[in-house]
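Shown next: model03.txt, given as compact mmCIF, N, CA and C atoms and all ligand atoms.
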# COMPACT_ATOMS: atom_id res chain seq x y z
N MET J 263 -16.15 5.77 10.58
CA MET J 263 -15.82 4.43 11.08
C MET J 263 -14.97 3.68 10.04
N THR J 264 -13.91 3.03 10.51
CA THR J 264 -13.06 2.30 9.58
C THR J 264 -13.76 1.01 9.13
N ASP J 265 -13.26 0.46 8.03
CA ASP J 265 -13.83 -0.80 7.52
C ASP J 265 -13.75 -1.89 8.57
N LEU J 266 -12.62 -1.89 9.28
CA LEU J 266 -12.39 -2.93 10.25
C LEU J 266 -13.36 -2.81 11.43
N ALA J 267 -13.58 -1.57 11.89
CA ALA J 267 -14.53 -1.35 12.98
C ALA J 267 -15.93 -1.76 12.54
N ASN J 268 -16.22 -1.45 11.27
CA ASN J 268 -17.50 -1.81 10.69
C ASN J 268 -17.66 -3.33 10.66
N LEU J 269 -16.61 -3.98 10.20
CA LEU J 269 -16.62 -5.44 10.11
C LEU J 269 -16.79 -6.05 11.50
N ARG J 270 -16.06 -5.48 12.47
CA ARG J 270 -16.12 -6.00 13.83
C ARG J 270 -17.56 -5.93 14.35
N GLN J 271 -18.22 -4.79 14.04
CA GLN J 271 -19.59 -4.62 14.48
C GLN J 271 -20.50 -5.67 13.84
N ASN J 272 -20.27 -5.93 12.54
CA ASN J 272 -21.06 -6.96 11.85
C ASN J 272 -20.84 -8.33 12.46
N LEU J 273 -19.58 -8.61 12.79
CA LEU J 273 -19.26 -9.91 13.37
C LEU J 273 -19.91 -10.07 14.74
N VAL J 274 -19.87 -9.00 15.54
CA VAL J 274 -20.50 -9.05 16.86
C VAL J 274 -22.00 -9.29 16.72
N ALA J 275 -22.62 -8.62 15.75
CA ALA J 275 -24.06 -8.78 15.53
C ALA J 275 -24.38 -10.22 15.12
N ARG J 276 -23.54 -10.76 14.24
CA ARG J 276 -23.71 -12.13 13.76
C ARG J 276 -23.56 -13.12 14.92
N LEU J 277 -22.60 -12.82 15.79
CA LEU J 277 -22.36 -13.67 16.95
C LEU J 277 -23.57 -13.68 17.87
N GLU J 278 -24.17 -12.52 18.05
CA GLU J 278 -25.36 -12.43 18.90
C GLU J 278 -26.49 -13.24 18.30
N GLU J 279 -26.64 -13.11 16.97
CA GLU J 279 -27.70 -13.82 16.27
C GLU J 279 -27.51 -15.34 16.44
N LEU J 280 -26.27 -15.78 16.28
CA LEU J 280 -25.97 -17.21 16.45
C LEU J 280 -26.25 -17.65 17.88
N GLY J 281 -25.94 -16.79 18.84
CA GLY J 281 -26.20 -17.10 20.24
C GLY J 281 -27.67 -17.32 20.49
N HIS J 282 -28.50 -16.45 19.91
CA HIS J 282 -29.95 -16.61 20.07
C HIS J 282 -30.41 -17.91 19.43
N ARG J 283 -29.81 -18.21 18.25
CA ARG J 283 -30.22 -19.40 17.54
C ARG J 283 -29.90 -20.65 18.36
N VAL J 284 -28.71 -20.66 18.96
CA VAL J 284 -28.32 -21.81 19.79
C VAL J 284 -29.25 -21.93 20.99
N ASP J 285 -29.62 -20.79 21.58
CA ASP J 285 -30.58 -20.82 22.69
C ASP J 285 -31.89 -21.45 22.26
N ASP J 286 -32.35 -21.08 21.04
CA ASP J 286 -33.61 -21.63 20.53
C ASP J 286 -33.50 -23.14 20.37
N PHE J 287 -32.36 -23.59 19.80
CA PHE J 287 -32.16 -25.03 19.63
C PHE J 287 -32.22 -25.72 20.98
N GLU J 288 -31.49 -25.15 21.94
CA GLU J 288 -31.42 -25.74 23.27
C GLU J 288 -32.82 -25.90 23.85
N SER J 289 -33.65 -24.86 23.72
CA SER J 289 -34.97 -24.97 24.34
C SER J 289 -35.86 -25.95 23.57
N SER J 290 -35.66 -26.03 22.23
CA SER J 290 -36.49 -26.98 21.49
C SER J 290 -36.05 -28.41 21.79
N LEU J 291 -34.75 -28.59 22.09
CA LEU J 291 -34.26 -29.93 22.42
C LEU J 291 -34.73 -30.37 23.79
N ARG J 292 -35.04 -29.40 24.63
CA ARG J 292 -35.45 -29.75 25.99
C ARG J 292 -36.95 -30.05 26.09
N GLU J 293 -37.68 -29.80 24.99
CA GLU J 293 -39.13 -30.05 25.04
C GLU J 293 -39.39 -31.53 25.31
N PRO J 294 -40.35 -31.81 26.21
CA PRO J 294 -40.63 -33.23 26.52
C PRO J 294 -41.17 -33.95 25.29
N LEU J 295 -40.87 -35.22 25.15
CA LEU J 295 -41.33 -36.00 24.00
C LEU J 295 -42.83 -36.22 24.10
N ASP J 296 -43.44 -36.29 22.93
CA ASP J 296 -44.86 -36.56 22.84
C ASP J 296 -45.14 -38.00 23.30
N PRO J 297 -46.23 -38.23 24.07
CA PRO J 297 -46.53 -39.60 24.51
C PRO J 297 -46.78 -40.56 23.34
N ASP J 298 -47.19 -40.05 22.21
CA ASP J 298 -47.47 -40.89 21.04
C ASP J 298 -46.14 -41.32 20.39
N PHE J 299 -45.97 -42.65 20.15
CA PHE J 299 -44.68 -43.15 19.65
C PHE J 299 -44.32 -42.60 18.27
N ALA J 300 -45.31 -42.54 17.38
CA ALA J 300 -45.05 -42.04 16.03
C ALA J 300 -44.57 -40.59 16.11
N GLU J 301 -45.23 -39.84 16.98
CA GLU J 301 -44.84 -38.44 17.18
C GLU J 301 -43.43 -38.35 17.74
N GLN J 302 -43.11 -39.25 18.64
CA GLN J 302 -41.77 -39.27 19.25
C GLN J 302 -40.69 -39.43 18.20
N ALA J 303 -40.94 -40.38 17.25
CA ALA J 303 -39.96 -40.64 16.21
C ALA J 303 -39.71 -39.37 15.39
N THR J 304 -40.80 -38.71 15.01
CA THR J 304 -40.66 -37.47 14.24
C THR J 304 -39.91 -36.42 15.04
N GLN J 305 -40.26 -36.34 16.32
CA GLN J 305 -39.63 -35.35 17.18
C GLN J 305 -38.13 -35.61 17.30
N MET J 306 -37.78 -36.89 17.44
CA MET J 306 -36.36 -37.20 17.61
C MET J 306 -35.59 -36.93 16.33
N GLU J 307 -36.21 -37.18 15.18
CA GLU J 307 -35.56 -36.83 13.92
C GLU J 307 -35.32 -35.33 13.85
N GLY J 308 -36.34 -34.58 14.26
CA GLY J 308 -36.22 -33.13 14.29
C GLY J 308 -35.09 -32.70 15.21
N ASP J 309 -34.97 -33.39 16.35
CA ASP J 309 -33.90 -33.07 17.30
C ASP J 309 -32.53 -33.29 16.69
N GLU J 310 -32.42 -34.37 15.88
CA GLU J 310 -31.12 -34.64 15.26
C GLU J 310 -30.75 -33.53 14.29
N VAL J 311 -31.74 -33.09 13.51
CA VAL J 311 -31.49 -31.99 12.58
C VAL J 311 -31.10 -30.75 13.36
N ALA J 312 -31.85 -30.49 14.44
CA ALA J 312 -31.56 -29.31 15.25
C ALA J 312 -30.17 -29.40 15.86
N SER J 313 -29.76 -30.60 16.29
CA SER J 313 -28.42 -30.75 16.87
C SER J 313 -27.34 -30.46 15.85
N ALA J 314 -27.55 -30.95 14.61
CA ALA J 314 -26.57 -30.71 13.55
C ALA J 314 -26.48 -29.21 13.26
N LEU J 315 -27.64 -28.56 13.19
CA LEU J 315 -27.67 -27.12 12.93
C LEU J 315 -27.02 -26.36 14.08
N GLU J 316 -27.31 -26.82 15.29
CA GLU J 316 -26.75 -26.17 16.47
C GLU J 316 -25.23 -26.30 16.43
N HIS J 317 -24.78 -27.48 16.05
CA HIS J 317 -23.34 -27.73 15.99
C HIS J 317 -22.67 -26.76 15.01
N SER J 318 -23.28 -26.60 13.84
CA SER J 318 -22.65 -25.71 12.86
C SER J 318 -22.73 -24.25 13.30
N ALA J 319 -23.81 -23.91 14.02
CA ALA J 319 -23.92 -22.54 14.54
C ALA J 319 -22.84 -22.28 15.58
N ILE J 320 -22.59 -23.27 16.45
CA ILE J 320 -21.56 -23.12 17.48
C ILE J 320 -20.19 -23.01 16.83
N GLU J 321 -19.99 -23.82 15.78
CA GLU J 321 -18.71 -23.79 15.08
C GLU J 321 -18.48 -22.41 14.45
N GLU J 322 -19.52 -21.92 13.78
CA GLU J 322 -19.39 -20.60 13.15
C GLU J 322 -19.12 -19.54 14.21
N ALA J 323 -19.82 -19.65 15.35
CA ALA J 323 -19.64 -18.68 16.43
C ALA J 323 -18.19 -18.68 16.91
N GLN J 324 -17.59 -19.87 16.98
CA GLN J 324 -16.19 -19.94 17.41
C GLN J 324 -15.26 -19.26 16.41
N HIS J 325 -15.52 -19.48 15.11
CA HIS J 325 -14.72 -18.81 14.08
C HIS J 325 -14.86 -17.30 14.21
N ILE J 326 -16.10 -16.84 14.43
CA ILE J 326 -16.34 -15.40 14.50
C ILE J 326 -15.67 -14.80 15.72
N LYS J 327 -15.76 -15.51 16.86
CA LYS J 327 -15.09 -15.02 18.07
C LYS J 327 -13.59 -14.88 17.83
N ALA J 328 -13.01 -15.88 17.16
CA ALA J 328 -11.57 -15.85 16.87
C ALA J 328 -11.24 -14.66 15.97
N ALA J 329 -12.12 -14.39 14.99
CA ALA J 329 -11.90 -13.26 14.09
C ALA J 329 -11.95 -11.95 14.85
N ILE J 330 -12.89 -11.82 15.78
CA ILE J 330 -13.00 -10.60 16.59
C ILE J 330 -11.74 -10.43 17.43
N ASP J 331 -11.25 -11.55 18.00
CA ASP J 331 -10.00 -11.50 18.77
C ASP J 331 -8.85 -11.01 17.90
N ARG J 332 -8.82 -11.49 16.65
CA ARG J 332 -7.72 -11.08 15.76
C ARG J 332 -7.83 -9.60 15.42
N ILE J 333 -9.07 -9.11 15.25
CA ILE J 333 -9.25 -7.67 15.00
C ILE J 333 -8.71 -6.89 16.19
N ASP J 334 -9.09 -7.33 17.41
CA ASP J 334 -8.66 -6.62 18.62
C ASP J 334 -7.14 -6.69 18.79
N ALA J 335 -6.56 -7.81 18.37
CA ALA J 335 -5.11 -7.97 18.52
C ALA J 335 -4.36 -7.24 17.41
N GLY J 336 -5.09 -6.81 16.39
CA GLY J 336 -4.47 -6.06 15.30
C GLY J 336 -3.84 -6.93 14.23
N ASP J 337 -4.08 -8.26 14.29
CA ASP J 337 -3.50 -9.09 13.22
C ASP J 337 -4.58 -9.70 12.32
N TYR J 338 -5.74 -9.07 12.31
CA TYR J 338 -6.80 -9.55 11.42
C TYR J 338 -6.38 -9.34 9.97
N GLY J 339 -6.64 -10.35 9.13
CA GLY J 339 -6.33 -10.21 7.71
C GLY J 339 -4.94 -10.72 7.35
N ASP J 340 -4.16 -11.09 8.39
CA ASP J 340 -2.85 -11.68 8.13
C ASP J 340 -3.01 -13.20 8.06
N CYS J 341 -2.32 -13.81 7.11
CA CYS J 341 -2.38 -15.27 7.00
C CYS J 341 -1.68 -15.89 8.21
N ALA J 342 -2.36 -16.88 8.83
CA ALA J 342 -1.80 -17.52 10.02
C ALA J 342 -0.58 -18.37 9.68
N LYS J 343 -0.46 -18.75 8.41
CA LYS J 343 0.64 -19.63 8.03
C LYS J 343 1.85 -18.86 7.50
N CYS J 344 1.62 -18.02 6.47
CA CYS J 344 2.76 -17.37 5.83
C CYS J 344 2.91 -15.90 6.25
N GLY J 345 1.89 -15.37 6.94
CA GLY J 345 1.99 -13.99 7.41
C GLY J 345 1.68 -12.93 6.37
N ASN J 346 1.42 -13.35 5.12
CA ASN J 346 1.04 -12.39 4.08
C ASN J 346 -0.39 -11.90 4.33
N LYS J 347 -0.72 -10.78 3.70
CA LYS J 347 -2.08 -10.27 3.80
C LYS J 347 -3.03 -11.19 3.05
N ILE J 348 -4.17 -11.47 3.65
CA ILE J 348 -5.18 -12.26 2.96
C ILE J 348 -5.92 -11.34 1.99
N ASN J 349 -6.14 -11.83 0.79
CA ASN J 349 -6.85 -11.06 -0.23
C ASN J 349 -8.18 -10.51 0.32
N PRO J 350 -8.42 -9.18 0.20
CA PRO J 350 -9.65 -8.58 0.74
C PRO J 350 -10.92 -9.22 0.17
N GLU J 351 -10.84 -9.66 -1.09
CA GLU J 351 -12.02 -10.30 -1.70
C GLU J 351 -12.36 -11.60 -0.95
N ARG J 352 -11.29 -12.32 -0.57
CA ARG J 352 -11.47 -13.56 0.17
C ARG J 352 -12.08 -13.27 1.53
N LEU J 353 -11.61 -12.21 2.18
CA LEU J 353 -12.13 -11.85 3.50
C LEU J 353 -13.59 -11.40 3.41
N LYS J 354 -13.93 -10.81 2.28
CA LYS J 354 -15.31 -10.37 2.11
C LYS J 354 -16.23 -11.59 2.03
N ALA J 355 -15.75 -12.62 1.31
CA ALA J 355 -16.54 -13.84 1.16
C ALA J 355 -16.52 -14.67 2.44
N LEU J 356 -15.39 -14.65 3.14
CA LEU J 356 -15.22 -15.49 4.32
C LEU J 356 -14.52 -14.65 5.40
N PRO J 357 -15.30 -13.84 6.14
CA PRO J 357 -14.70 -12.84 7.03
C PRO J 357 -13.80 -13.44 8.10
N TYR J 358 -13.99 -14.73 8.40
CA TYR J 358 -13.16 -15.31 9.46
C TYR J 358 -12.08 -16.25 8.90
N ALA J 359 -11.72 -16.04 7.61
CA ALA J 359 -10.63 -16.83 7.04
C ALA J 359 -9.34 -16.53 7.79
N THR J 360 -8.56 -17.56 8.09
CA THR J 360 -7.30 -17.35 8.81
C THR J 360 -6.08 -17.57 7.92
N GLU J 361 -6.33 -18.08 6.70
CA GLU J 361 -5.21 -18.36 5.81
C GLU J 361 -5.46 -17.73 4.45
N CYS J 362 -4.40 -17.35 3.76
CA CYS J 362 -4.54 -16.82 2.42
C CYS J 362 -4.90 -17.96 1.46
N VAL J 363 -5.30 -17.60 0.26
CA VAL J 363 -5.77 -18.62 -0.70
C VAL J 363 -4.69 -19.68 -0.93
N ASN J 364 -3.43 -19.24 -1.03
CA ASN J 364 -2.34 -20.17 -1.30
C ASN J 364 -2.19 -21.21 -0.19
N CYS J 365 -2.23 -20.74 1.05
CA CYS J 365 -2.03 -21.64 2.17
C CYS J 365 -3.25 -22.52 2.41
N ALA J 366 -4.44 -21.99 2.14
CA ALA J 366 -5.67 -22.76 2.36
C ALA J 366 -5.80 -23.86 1.31
N ALA J 367 -5.16 -23.66 0.15
CA ALA J 367 -5.32 -24.62 -0.95
C ALA J 367 -4.56 -25.92 -0.68
ZN ZN J 401 -0.58 -17.78 3.55
Represent the structure contained in this file as structure tokens.
Amino acid sequence: MTDLANLRQNLVARLEELGHRVDDFESSLREPLDPDFAEQATQMEGDEVASALEHSAIEEAQHIKAAIDRIDAGDYGDCAKCGNKINPERLKALPYATECVNCAA
């Protein structure tokens, strides 16, 4: 298996994991509020945290989907701005980077 196929598999797995996580958030957000007011306040605070986490999970999922699309299109690892190859070390740290270090800076 090539590195890229391997990476694609990892990205797909990560995407699935994020999907499950978002589902969990969704179901916890749908839980009815506790009749006790103090409990409600705590619950709503928890919901806000969950919403923020859900938001970042959705954002990451979008980046990952875009990266998978780029792998399929054959332009993964190319800088979206200057077209140069993105440093492999950078891609290892940030697999869905779309710009090389120079352009991202
Ligand atoms: Zn660039």
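Distance check against ligand ZN 401 (chain J) using all atoms listed in the file: of J:Lys343, J:His317, J:Arg332, J:His325, the minimum falls on J:Lys343.
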Could you check which of J:Ala328, J:Cys365, J:Leu269, J:Ala355 is closest to ligand ZN 401 (chain J), using all atoms listed in the file?
J:Cys365
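Compared by their closest atoms to ligand ZN 401 (chain J), and using only C-alpha atoms and all ligand atoms, the residues J:Asn346, J:Thr264, J:Gln302, J:Ser318 rank with J:Asn346 nearest.
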Using Å and a single decimal, report how far atom C of Ile330 of chain J sits from atom C of Asn272 of chain J.
10.6 Å
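Once Gln305 of chain J and its same-chain neighbours fewer than 5 positions away are set aside, Leu295, Asp296, Phe299, Ala300, Glu310 and Val311 of chain J remain within 8 Å of it when counting all atoms listed in the file.
Neighbours of ligand ZN 401 (chain J) at a cut-off of 6 Å, computed so that all atoms listed in the file are counted, are the residues J:Cys341, J:Ala342, J:Lys343, J:Cys344, J:Gly345, J:Asn346, J:Glu361, J:Cys362, J:Val363, J:Asn364, J:Cys365, J:Ala366.
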